[in-house]
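Everything below belongs to query.txt, which stores compact mmCIF, C-alpha atoms.
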# COMPACT_ATOMS: atom_id res chain seq x y z
CA MET A 152 -157.11 -166.13 58.01
CA ALA A 153 -153.91 -167.83 56.99
CA GLU A 154 -150.57 -166.27 57.76
CA LYS A 155 -149.45 -164.10 54.84
CA LYS A 156 -145.82 -164.13 53.78
CA LYS A 157 -144.00 -162.31 51.03
CA LYS A 158 -141.21 -163.31 48.72
CA SER A 159 -139.25 -161.27 46.24
CA SER A 160 -139.48 -162.18 42.57
CA VAL A 161 -136.58 -162.38 40.19
CA PHE A 162 -136.74 -161.65 36.48
CA SER A 163 -134.14 -162.80 34.00
CA VAL A 164 -132.61 -160.48 31.42
CA SER A 165 -134.55 -162.28 28.69
CA SER A 166 -137.78 -161.79 30.59
CA VAL A 167 -137.12 -158.06 30.84
CA ALA A 168 -136.54 -157.92 27.09
CA VAL A 169 -139.89 -159.60 26.47
CA VAL A 170 -141.57 -157.10 28.82
CA TRP A 171 -140.22 -154.15 26.86
CA LEU A 172 -141.22 -155.66 23.54
CA LEU A 173 -144.75 -156.16 24.79
CA MET A 174 -144.97 -152.67 26.20
CA PHE A 175 -144.02 -150.96 22.97
CA SER A 176 -145.52 -153.20 20.31
CA VAL A 177 -148.66 -151.79 18.70
CA VAL A 178 -149.89 -155.30 17.96
CA ALA A 179 -149.09 -156.69 21.42
CA ILE A 180 -151.76 -158.90 22.95
CA GLU A 181 -151.25 -157.13 26.24
CA GLY A 182 -150.47 -153.47 26.71
CA ARG A 183 -151.93 -150.11 25.85
CA VAL A 184 -150.97 -147.63 23.16
CA VAL A 185 -152.85 -144.42 23.92
CA PRO A 186 -152.48 -142.71 27.34
CA LEU A 187 -155.88 -142.14 28.92
CA LEU A 188 -155.68 -138.32 28.85
CA GLN A 189 -154.01 -137.99 25.44
CA SER A 190 -157.22 -136.98 23.68
CA TYR A 191 -158.33 -134.66 26.50
CA GLU A 192 -158.97 -131.11 25.28
CA LYS A 193 -156.63 -128.96 27.37
CA SER A 194 -158.34 -125.63 26.66
CA GLY A 195 -159.36 -124.12 30.01
CA PHE A 196 -157.13 -126.51 31.95
CA ARG A 197 -153.76 -125.92 33.58
CA PRO A 198 -150.60 -127.70 32.39
CA SER A 199 -150.68 -129.47 35.75
CA LEU A 200 -153.74 -131.51 34.67
CA ASN A 201 -151.71 -134.63 33.80
CA ALA A 202 -149.79 -134.45 37.07
CA ILE A 203 -152.92 -134.06 39.19
CA TYR A 204 -154.69 -136.96 37.49
CA ASP A 205 -151.63 -139.09 36.77
CA THR A 206 -152.39 -142.21 34.71
CA SER A 207 -148.80 -142.98 33.74
CA LYS A 208 -148.82 -146.35 35.50
CA TYR A 209 -151.98 -147.58 33.80
CA GLY A 210 -151.77 -150.31 31.23
CA ILE A 211 -148.28 -151.62 31.90
CA LEU A 212 -148.68 -155.17 30.59
CA GLN A 213 -152.46 -154.78 30.92
CA LEU A 214 -154.39 -158.02 30.71
CA ASN A 215 -156.47 -157.83 27.55
CA ASN A 216 -159.35 -160.31 27.59
CA GLY A 217 -161.88 -157.75 26.36
CA LEU A 218 -163.60 -157.45 29.73
CA ALA A 219 -163.87 -154.65 32.28
CA GLN A 220 -163.73 -151.72 29.86
CA THR A 221 -165.70 -150.05 32.65
CA PRO A 222 -165.80 -151.23 36.29
CA PRO A 223 -168.04 -154.26 36.88
CA MET A 224 -171.46 -153.75 38.44
CA GLY A 225 -173.56 -156.32 40.18
CA TRP A 226 -174.20 -158.01 43.52
CA ASN A 227 -172.21 -160.22 45.87
CA SER A 228 -173.59 -162.46 48.60
CA TRP A 229 -170.97 -162.05 51.32
CA ASN A 230 -171.60 -158.70 53.05
CA PHE A 231 -175.19 -159.53 53.97
CA PHE A 232 -175.54 -163.30 53.80
CA ALA A 233 -172.00 -164.55 54.57
CA CYS A 234 -172.34 -168.37 54.60
CA ASN A 235 -176.13 -168.32 54.79
CA ILE A 236 -176.61 -168.75 51.06
CA ASN A 237 -178.56 -171.21 48.96
CA GLU A 238 -179.93 -171.49 45.45
CA THR A 239 -183.28 -169.99 46.45
CA VAL A 240 -181.58 -166.82 47.70
CA ILE A 241 -179.57 -166.59 44.47
CA LYS A 242 -182.65 -167.06 42.27
CA GLU A 243 -184.69 -164.56 44.27
CA THR A 244 -181.83 -162.09 44.07
CA ALA A 245 -181.71 -162.54 40.29
CA ASP A 246 -185.45 -161.90 40.18
CA ALA A 247 -185.04 -158.79 42.33
CA LEU A 248 -182.25 -157.36 40.17
CA ILE A 249 -184.69 -157.52 37.28
CA SER A 250 -187.88 -156.39 39.04
CA THR A 251 -186.25 -153.41 40.76
CA GLY A 252 -184.64 -152.19 37.54
CA LEU A 253 -181.14 -152.58 38.98
CA ALA A 254 -180.11 -154.83 36.11
CA ASP A 255 -181.19 -152.21 33.59
CA LEU A 256 -178.82 -149.77 35.30
CA GLY A 257 -175.89 -152.14 34.81
CA TYR A 258 -175.93 -154.35 37.91
CA VAL A 259 -175.63 -157.60 35.96
CA TYR A 260 -173.08 -159.75 37.80
CA LEU A 261 -174.67 -162.00 40.42
CA ASN A 262 -171.72 -163.30 42.43
CA ILE A 263 -171.84 -166.23 44.83
CA ASP A 264 -169.16 -165.85 47.50
CA ASP A 265 -167.69 -168.44 49.89
CA CYS A 266 -169.57 -171.48 51.27
CA TRP A 267 -171.21 -172.73 48.08
CA SER A 268 -169.22 -175.99 48.00
CA THR A 269 -168.87 -179.04 50.17
CA VAL A 270 -165.97 -179.17 52.62
CA THR A 271 -164.04 -181.71 50.56
CA ARG A 272 -163.55 -182.52 46.90
CA ASN A 273 -165.14 -185.65 45.45
CA SER A 274 -163.28 -188.87 44.66
CA GLU A 275 -162.29 -187.45 41.28
CA GLY A 276 -160.78 -184.38 42.90
CA GLN A 277 -163.50 -182.00 41.74
CA LEU A 278 -165.28 -179.24 43.61
CA VAL A 279 -168.88 -180.13 44.49
CA PRO A 280 -171.76 -177.74 45.19
CA ASP A 281 -173.20 -178.33 48.66
CA PRO A 282 -176.18 -180.66 48.06
CA LYS A 283 -178.05 -179.16 51.02
CA THR A 284 -177.91 -175.56 49.83
CA PHE A 285 -177.38 -175.95 46.09
CA PRO A 286 -179.13 -179.26 45.35
CA SER A 287 -179.64 -178.43 41.67
CA GLY A 288 -175.96 -177.63 41.18
CA ILE A 289 -174.38 -174.50 39.72
CA LYS A 290 -175.04 -175.13 36.01
CA PRO A 291 -178.87 -174.90 36.30
CA LEU A 292 -178.42 -171.81 38.45
CA ALA A 293 -176.21 -170.22 35.80
CA ASP A 294 -178.84 -171.08 33.19
CA TYR A 295 -181.51 -169.40 35.32
CA VAL A 296 -179.38 -166.28 35.73
CA HIS A 297 -178.40 -166.16 32.06
CA ALA A 298 -182.02 -166.49 30.96
CA LYS A 299 -182.65 -163.17 32.70
CA GLY A 300 -179.78 -161.47 30.91
CA LEU A 301 -177.55 -161.57 33.99
CA LYS A 302 -174.09 -163.07 34.58
CA LEU A 303 -173.09 -165.54 37.28
CA GLY A 304 -170.01 -165.22 39.46
CA ILE A 305 -168.38 -167.86 41.65
CA TYR A 306 -165.76 -167.83 44.39
CA SER A 307 -162.58 -169.74 45.04
CA ASP A 308 -159.22 -169.19 46.70
CA ALA A 309 -155.55 -169.09 45.70
CA GLY A 310 -154.80 -171.34 48.65
CA VAL A 311 -155.44 -174.88 49.80
CA SER A 312 -158.70 -173.80 51.47
CA THR A 313 -161.10 -170.90 51.19
CA CYS A 314 -161.46 -168.49 54.08
CA GLN A 315 -164.39 -170.57 55.36
CA VAL A 316 -162.37 -173.77 54.96
CA ARG A 317 -163.86 -175.16 51.78
CA PRO A 318 -161.45 -176.54 49.18
CA GLY A 319 -159.26 -173.91 47.55
CA SER A 320 -157.97 -174.00 43.99
CA LEU A 321 -154.22 -173.87 44.60
CA TYR A 322 -152.70 -176.66 42.48
CA HIS A 323 -156.17 -177.37 41.02
CA GLU A 324 -156.35 -174.33 38.76
CA ASN A 325 -156.86 -176.10 35.42
CA ASP A 326 -159.49 -178.55 36.66
CA ASP A 327 -161.41 -175.89 38.56
CA ALA A 328 -161.31 -173.39 35.70
CA GLU A 329 -162.64 -176.02 33.30
CA LEU A 330 -165.39 -176.88 35.79
CA PHE A 331 -166.38 -173.23 36.22
CA ALA A 332 -166.45 -172.75 32.45
CA SER A 333 -168.56 -175.88 31.96
CA TRP A 334 -171.10 -174.44 34.41
CA GLY A 335 -171.27 -171.16 32.48
CA VAL A 336 -169.56 -169.02 35.11
CA ASP A 337 -168.80 -165.44 34.02
CA TYR A 338 -166.81 -164.06 36.98
CA LEU A 339 -164.35 -165.50 39.47
CA LYS A 340 -163.51 -163.89 42.80
CA TYR A 341 -160.22 -165.45 43.87
CA ASP A 342 -159.37 -165.04 47.56
CA ASN A 343 -156.11 -165.26 49.52
CA CYS A 344 -156.61 -167.52 52.56
CA TYR A 345 -154.52 -170.57 53.51
CA ASN A 346 -151.96 -169.64 50.89
CA LEU A 347 -149.01 -171.60 52.36
CA GLY A 348 -146.97 -168.42 52.40
CA ILE A 349 -146.44 -168.62 48.64
CA ASN A 350 -145.85 -165.30 46.89
CA PRO A 351 -149.11 -164.05 45.33
CA LYS A 352 -147.24 -163.24 42.12
CA GLU A 353 -146.75 -167.00 41.83
CA ARG A 354 -150.22 -168.08 43.00
CA TYR A 355 -152.50 -165.83 40.95
CA PRO A 356 -151.19 -166.14 37.36
CA PRO A 357 -151.87 -169.91 37.08
CA MET A 358 -155.61 -169.31 37.45
CA ARG A 359 -155.42 -166.53 34.83
CA ASN A 360 -153.82 -169.00 32.45
CA ALA A 361 -156.33 -171.68 33.33
CA LEU A 362 -159.31 -169.37 32.78
CA ASN A 363 -157.91 -168.23 29.44
CA GLY A 364 -157.36 -171.85 28.49
CA THR A 365 -161.03 -172.72 28.89
CA GLY A 366 -162.04 -170.64 25.89
CA ARG A 367 -164.73 -168.95 27.97
CA THR A 368 -164.36 -165.26 28.76
CA ILE A 369 -164.41 -164.99 32.56
CA PHE A 370 -163.85 -161.82 34.60
CA TYR A 371 -160.92 -162.46 36.94
CA SER A 372 -161.14 -160.64 40.29
CA LEU A 373 -158.04 -160.94 42.48
CA CYS A 374 -158.85 -160.71 46.19
CA GLU A 375 -155.30 -160.47 47.53
CA TRP A 376 -156.23 -157.83 50.18
CA GLY A 377 -153.53 -155.44 48.97
CA GLU A 378 -150.94 -157.40 50.91
CA ASP A 379 -148.30 -157.31 48.20
CA ASN A 380 -149.32 -154.07 46.45
CA PRO A 381 -151.17 -155.79 43.59
CA ALA A 382 -151.63 -152.55 41.67
CA LEU A 383 -147.93 -152.86 40.84
CA TRP A 384 -148.29 -156.27 39.17
CA ALA A 385 -151.90 -157.44 38.89
CA GLY A 386 -152.71 -155.52 35.71
CA LYS A 387 -151.12 -158.33 33.75
CA VAL A 388 -153.01 -160.95 35.75
CA GLY A 389 -156.62 -159.91 36.41
CA ASN A 390 -159.43 -157.50 35.61
CA SER A 391 -159.55 -156.09 39.15
CA TRP A 392 -157.45 -156.39 42.26
CA ARG A 393 -158.29 -155.74 45.88
CA THR A 394 -156.16 -152.94 47.28
CA THR A 395 -157.32 -153.33 50.89
CA ASP A 396 -158.43 -155.73 53.56
CA ASP A 397 -162.16 -156.55 53.85
CA ILE A 398 -164.58 -153.70 54.31
CA ASN A 399 -167.08 -153.74 57.15
CA ASP A 400 -170.30 -151.79 57.55
CA SER A 401 -168.87 -148.81 59.42
CA TRP A 402 -167.78 -145.23 58.74
CA ALA A 403 -164.26 -145.94 60.05
CA SER A 404 -163.76 -148.91 57.75
CA MET A 405 -165.18 -147.21 54.69
CA THR A 406 -163.10 -144.03 55.03
CA THR A 407 -159.91 -145.93 55.80
CA ILE A 408 -160.37 -148.11 52.74
CA ALA A 409 -161.09 -145.12 50.50
CA ASP A 410 -157.79 -143.56 51.54
CA LEU A 411 -155.84 -146.78 51.00
CA ASN A 412 -157.31 -147.29 47.55
CA ASP A 413 -156.60 -143.69 46.56
CA LYS A 414 -152.87 -144.37 46.66
CA TRP A 415 -153.07 -146.53 43.55
CA ALA A 416 -155.20 -144.30 41.29
CA ALA A 417 -152.53 -143.98 38.59
CA TYR A 418 -152.59 -147.72 37.92
CA ALA A 419 -156.28 -148.20 37.10
CA GLY A 420 -158.09 -147.92 33.79
CA PRO A 421 -160.15 -149.81 31.21
CA GLY A 422 -159.47 -153.53 31.53
CA GLY A 423 -158.09 -153.43 35.08
CA TRP A 424 -159.43 -151.65 38.17
CA ASN A 425 -158.42 -151.03 41.76
CA ASP A 426 -160.95 -152.75 44.04
CA PRO A 427 -161.61 -151.25 47.51
CA ASP A 428 -164.11 -154.05 48.20
CA MET A 429 -167.86 -154.33 47.89
CA LEU A 430 -170.55 -151.81 48.77
CA GLU A 431 -172.08 -151.80 52.25
CA VAL A 432 -174.93 -149.46 51.26
CA GLY A 433 -178.16 -150.68 52.83
CA ASN A 434 -176.75 -152.99 55.49
CA GLY A 435 -177.59 -150.69 58.41
CA GLY A 436 -174.25 -149.81 59.96
CA MET A 437 -173.97 -146.29 58.52
CA THR A 438 -176.27 -143.31 58.16
CA TYR A 439 -177.95 -142.22 54.95
CA GLN A 440 -175.36 -139.46 54.54
CA GLU A 441 -172.49 -141.89 55.10
CA TYR A 442 -173.88 -144.37 52.60
CA ARG A 443 -174.35 -141.59 50.07
CA ALA A 444 -170.70 -140.61 50.55
CA HIS A 445 -169.67 -144.27 50.27
CA PHE A 446 -171.47 -144.66 46.94
CA SER A 447 -170.27 -141.30 45.58
CA ILE A 448 -166.61 -141.94 46.35
CA TRP A 449 -166.67 -145.53 45.07
CA ALA A 450 -168.21 -144.27 41.83
CA LEU A 451 -165.63 -141.50 41.51
CA MET A 452 -162.77 -143.95 42.22
CA LYS A 453 -164.00 -146.21 39.40
CA ALA A 454 -164.39 -149.01 41.93
CA PRO A 455 -166.41 -152.10 41.08
CA LEU A 456 -169.99 -151.36 42.15
CA LEU A 457 -170.99 -154.66 43.72
CA ILE A 458 -174.07 -154.31 45.91
CA GLY A 459 -173.69 -156.05 49.26
CA CYS A 460 -177.17 -155.75 50.76
CA ASP A 461 -180.31 -157.86 50.39
CA VAL A 462 -181.82 -156.39 47.22
CA ARG A 463 -185.04 -158.30 47.88
CA ASN A 464 -185.72 -155.98 50.83
CA MET A 465 -184.28 -152.52 50.22
CA THR A 466 -185.42 -149.33 51.92
CA ALA A 467 -186.40 -146.35 49.79
CA GLU A 468 -183.18 -144.58 50.82
CA THR A 469 -181.03 -147.54 49.81
CA PHE A 470 -182.81 -147.80 46.48
CA GLU A 471 -182.39 -144.06 45.89
CA ILE A 472 -178.63 -144.28 46.42
CA LEU A 473 -177.99 -147.41 44.37
CA THR A 474 -180.11 -146.25 41.43
CA ASN A 475 -178.70 -142.74 40.97
CA LYS A 476 -178.12 -142.85 37.21
CA GLU A 477 -175.94 -139.75 37.18
CA VAL A 478 -173.56 -141.09 39.81
CA ILE A 479 -173.48 -144.49 38.09
CA ALA A 480 -172.58 -142.71 34.84
CA VAL A 481 -169.50 -141.27 36.58
CA ASN A 482 -168.38 -144.78 37.49
CA GLN A 483 -169.06 -146.12 34.01
CA ASP A 484 -167.56 -143.19 32.12
CA THR A 485 -165.65 -144.44 29.10
CA LEU A 486 -162.52 -142.35 29.73
CA GLY A 487 -161.78 -144.64 32.66
CA VAL A 488 -159.62 -142.38 34.81
CA GLN A 489 -159.84 -143.09 38.54
CA GLY A 490 -160.75 -139.96 40.51
CA ARG A 491 -158.69 -139.12 43.55
CA LYS A 492 -158.24 -136.85 46.55
CA VAL A 493 -156.91 -133.48 45.32
CA ASN A 494 -157.21 -131.18 48.36
CA VAL A 495 -157.75 -131.42 52.12
CA THR A 496 -158.30 -128.74 54.76
CA GLY A 497 -159.61 -128.56 58.33
CA THR A 498 -158.84 -130.61 61.40
CA ASP A 499 -157.15 -133.87 60.42
CA GLY A 500 -157.91 -133.01 56.79
CA CYS A 501 -161.61 -133.64 57.29
CA ARG A 502 -162.77 -131.21 54.57
CA GLN A 503 -161.87 -132.99 51.38
CA VAL A 504 -162.10 -132.43 47.63
CA TRP A 505 -161.92 -135.46 45.35
CA ALA A 506 -161.98 -135.14 41.57
CA GLY A 507 -161.27 -136.85 38.29
CA PRO A 508 -161.47 -136.30 34.52
CA LEU A 509 -164.45 -137.58 32.55
CA SER A 510 -165.06 -138.01 28.85
CA GLY A 511 -166.07 -134.88 27.00
CA ASN A 512 -163.40 -132.88 28.85
CA ARG A 513 -165.51 -132.69 31.97
CA LEU A 514 -164.57 -133.22 35.60
CA VAL A 515 -166.33 -135.02 38.43
CA VAL A 516 -165.82 -133.18 41.72
CA ALA A 517 -166.86 -134.43 45.16
CA LEU A 518 -166.94 -132.30 48.30
CA TRP A 519 -166.63 -134.81 51.14
CA ASN A 520 -167.15 -133.68 54.71
CA ARG A 521 -165.44 -136.13 57.06
CA CYS A 522 -165.73 -133.67 59.97
CA SER A 523 -168.13 -134.21 62.87
CA LYS A 524 -170.12 -131.06 62.03
CA ALA A 525 -171.51 -129.44 58.89
CA ALA A 526 -168.88 -127.47 57.01
CA THR A 527 -168.38 -125.33 53.93
CA ILE A 528 -165.95 -126.95 51.52
CA ALA A 529 -164.35 -125.08 48.64
CA ALA A 530 -162.96 -126.52 45.42
CA LEU A 531 -160.33 -124.20 43.95
CA TRP A 532 -159.74 -124.31 40.21
CA GLU A 533 -155.99 -124.66 40.73
CA ALA A 534 -156.44 -127.87 42.74
CA LEU A 535 -158.73 -129.25 40.04
CA GLY A 536 -156.33 -128.47 37.20
CA LEU A 537 -158.49 -125.68 35.76
CA GLU A 538 -157.30 -122.24 34.71
CA SER A 539 -158.63 -119.73 37.23
CA SER A 540 -160.42 -117.79 34.48
CA THR A 541 -162.27 -120.83 33.14
CA SER A 542 -166.05 -120.50 33.40
CA VAL A 543 -167.73 -123.73 34.47
CA VAL A 544 -171.27 -125.06 34.46
CA ILE A 545 -171.83 -127.14 37.59
CA ARG A 546 -174.42 -129.90 37.96
CA ASP A 547 -175.35 -131.45 41.32
CA LEU A 548 -175.72 -135.22 40.83
CA TRP A 549 -177.77 -135.82 43.97
CA GLU A 550 -180.13 -132.90 43.41
CA HIS A 551 -180.20 -133.60 39.66
CA LYS A 552 -179.98 -129.96 38.71
CA ASP A 553 -177.50 -127.31 37.60
CA VAL A 554 -176.38 -125.14 40.51
CA SER A 555 -174.15 -122.72 38.59
CA GLU A 556 -174.01 -121.61 34.97
CA SER A 557 -170.73 -119.69 35.10
CA ALA A 558 -168.59 -120.46 38.16
CA VAL A 559 -165.08 -119.00 37.98
CA SER A 560 -161.98 -119.59 40.12
CA SER A 561 -163.68 -121.63 42.87
CA PHE A 562 -166.89 -123.30 44.00
CA SER A 563 -168.04 -123.99 47.53
CA ALA A 564 -171.00 -125.65 49.20
CA ARG A 565 -172.28 -126.40 52.69
CA VAL A 566 -172.01 -130.13 53.31
CA ASP A 567 -173.55 -132.01 56.24
CA ALA A 568 -171.30 -134.01 58.55
CA HIS A 569 -170.16 -137.26 56.92
CA ASP A 570 -172.03 -136.39 53.71
CA CYS A 571 -170.68 -135.95 50.21
CA GLN A 572 -171.87 -133.68 47.42
CA ILE A 573 -170.85 -134.76 43.94
CA TYR A 574 -170.89 -132.60 40.81
CA ILE A 575 -170.08 -132.56 37.12
CA PHE A 576 -167.96 -129.56 36.09
CA THR A 577 -168.27 -128.66 32.40
CA PRO A 578 -165.98 -125.85 31.19
CA GLN A 579 -168.04 -123.56 28.96
CA THR A 580 -165.58 -124.06 26.13
CA VAL A 581 -166.82 -127.66 26.10
CA SER A 582 -170.04 -128.81 24.45
CA ARG A 583 -172.63 -129.92 27.01
CA SER A 584 -174.06 -132.57 24.69
CA VAL A 585 -171.94 -135.27 26.35
CA THR A 586 -173.92 -137.48 28.74

Output the file's structure in the form of structure tokens.
Amino acid sequence: MAEKKKKSSVFSVSSVAVVWLLMFSVVAIEGRVVPLLQSYEKSGFRPSLNAIYDTSKYGILQLNNGLAQTPPMGWNSWNFFACNINETVIKETADALISTGLADLGYVYLNIDDCWSTVTRNSEGQLVPDPKTFPSGIKPLADYVHAKGLKLGIYSDAGVSTCQVRPGSLYHENDDAELFASWGVDYLKYDNCYNLGINPKERYPPMRNALNGTGRTIFYSLCEWGEDNPALWAGKVGNSWRTTDDINDSWASMTTIADLNDKWAAYAGPGGWNDPDMLEVGNGGMTYQEYRAHFSIWALMKAPLLIGCDVRNMTAETFEILTNKEVIAVNQDTLGVQGRKVNVTGTDGCRQVWAGPLSGNRLVVALWNRCSKAATIAALWEALGLESSTSVVIRDLWEHKDVSESAVSSFSARVDAHDCQIYIFTPQTVSRSVT
């Protein structure tokens, strides 16, 4: 990948004044008015609730294009196919998203990653789909996908070349955005290779402006690898931003990335999400328990749920994980607060509790065993932000059943090595009608 360099940015006094006006104007195009936890019923919860699940950084100059009110769900070609993609694979994947029922669960974005274009632009300076692999072009493919009720995503790069050395969109933002819009593209993943050392805060906004200028609503996914802490600035630029380097299909990679993404929980919310990269579930490099943990934690963190395996050929275990409606509901919860790590114990902090608020004054709680052996993990009410006397109904989202009707003060469970149990906690002062 290209060398990555950083530059500081300078704001004028007048620019700062505009920022403050936007932040506090009720009618501002960008910005939020209501803090995410403002309407949360505090009965049964400790005063520390807002500190534990801090959302104070969310929505500062939030991009408001109406998209990403919940994290995006879909499929991306890279993790399994890399450059071995063609229009037949994309069509068959669209068919599989429908036939398996994945689309009905919300997996509607079908995203083509790198290698879809020729290695040079045409004589008019336009990007060209590779005639060997996409002989029909992208527009007919988008039509095929749209006819099934799905959305099509495309890939480009905020550099002179993509990571696989196809033409990038740096200095071609307007032309490329217009081309994508004319094809009916619904999602753009915008990578960070061959960036000439230009500050990402300078390279990524032009494509935002170009996409907005097309008149077509297109999800804008910044893939800046977390190099320049995009959570601090990308909320005004895109609908999601990568907080980490690329994931690979291993336990070490997945856990490292989860921890890196956790740092930025306070900045995410409806309209703009931290992105710890795509799912590896089903690609074979991790165990069933590890994949189940992967999916649980990504859902809890409100990460984009972009399937990275071959959905035409899934095992029963892969299908079971990806289609867990109760775990998906955590990810798509309308409150939009990113869950986070709230307690660690054991050697190297391998017994972990992750949690986050949900709509209806509920909590999602995950007991994640990152130890090498089975362990009992306890969630204490204090760590969760609950009053110790609060009685809680607890539902196991993998077993699909209630496991306690009146837990008080703490809850513990035996968790297999590298596995994760995930629960909904409903204080008994709260109606259980919320789903």

Give me the residues of stretch 246-350 of chain A that have any atom at most 9 Å from an atom of stretch 455-458 of chain A; for each, the nearest atom pair and the distance in Å, rounded to one decimal. Use only C-alpha atoms, sort by chain and number, and format it as a Markdown table.
| residue | atom | partner | partner_atom | distance |
| --- | --- | --- | --- | --- |
| A:Tyr258 | CA | A:Leu457 | CA | 7.6 |
| A:Tyr260 | CA | A:Leu457 | CA | 8.1 |
| A:Leu261 | CA | A:Leu457 | CA | 8.8 |
| A:Asn262 | CA | A:Leu457 | CA | 8.8 |

Excluding same-chain residues fewer than 4 positions from stretch 186-192 of chain A, what lies within 10 Å of it counting only C-alpha atoms, as an mmCIF file with C-alpha atoms, keeping the file's coordinate frame?
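Output saved as part_20.cif:
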data_model
loop_
_atom_site.group_PDB
_atom_site.id
_atom_site.type_symbol
_atom_site.label_atom_id
_atom_site.label_comp_id
_atom_site.auth_asym_id
_atom_site.auth_seq_id
_atom_site.Cartn_x
_atom_site.Cartn_y
_atom_site.Cartn_z
ATOM 1 C CA PHE A 196 -157.130 -126.510 31.950
ATOM 2 C CA LEU A 200 -153.740 -131.510 34.670
ATOM 3 C CA ASN A 201 -151.710 -134.630 33.800
ATOM 4 C CA TYR A 204 -154.690 -136.960 37.490
ATOM 5 C CA ASP A 205 -151.630 -139.090 36.770
ATOM 6 C CA THR A 206 -152.390 -142.210 34.710
ATOM 7 C CA SER A 207 -148.800 -142.980 33.740
ATOM 8 C CA LYS A 208 -148.820 -146.350 35.500
ATOM 9 C CA TYR A 209 -151.980 -147.580 33.800
ATOM 10 C CA GLY A 210 -151.770 -150.310 31.230
ATOM 11 C CA GLY A 420 -158.090 -147.920 33.790
ATOM 12 C CA PRO A 421 -160.150 -149.810 31.210
ATOM 13 C CA LEU A 486 -162.520 -142.350 29.730
ATOM 14 C CA GLY A 487 -161.780 -144.640 32.660
ATOM 15 C CA VAL A 488 -159.620 -142.380 34.810
ATOM 16 C CA PRO A 508 -161.470 -136.300 34.520
ATOM 17 C CA LEU A 509 -164.450 -137.580 32.550
ATOM 18 C CA SER A 510 -165.060 -138.010 28.850
ATOM 19 C CA GLY A 511 -166.070 -134.880 27.000
ATOM 20 C CA ASN A 512 -163.400 -132.880 28.850
ATOM 21 C CA ARG A 513 -165.510 -132.690 31.970
ATOM 22 C CA THR A 580 -165.580 -124.060 26.130
ATOM 23 C CA VAL A 581 -166.820 -127.660 26.100
#

(request) Do a neighbour search on A:Phe576 at 8 Å with only C-alpha atoms, toss out local chain neighbours closer than 6 positions, and write the hits as an NGL selection string. (result) :A and (513-516 or 543-546)

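Each of A:Asn434, A:Ser287, A:Gln503, A:Gln440 was compared to A:Asn464 using all atoms listed in the file, and A:Asn434 turns out to be the nearest.
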
(message) My list of candidates is A:Thr527, A:Gln572, A:Ser557, A:Ser320. Which is closest to A:Trp505 when distances are computed with only C-alpha atoms?
(response) A:Gln572

(request) Fewer than 2 positions away in the same chain doesn't count, so skip those; otherwise give me all residues within 9 Å of A:Cys460, counting only C-alpha atoms, as a PyMOL selection string. (result) chain A and resi 226-232+430-434+458+462-465

(request) Select, from A:Thr271, A:Gln220, A:Asn520, A:Asn475, the residue with the minimum atom-to-atom distance to A:Val495, counting only C-alpha atoms. (result) A:Asn520

(request) Have a look at atom CA of A:Tyr418 and atom CA of A:Ala534 and let me know their distance in Å, one decimal. (result) 20.8 Å

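Residue nearest A:Gly507, chosen from A:Ala202, A:Asn363, A:Ser401, A:Thr251 and counting all atoms listed in the file: A:Ala202.
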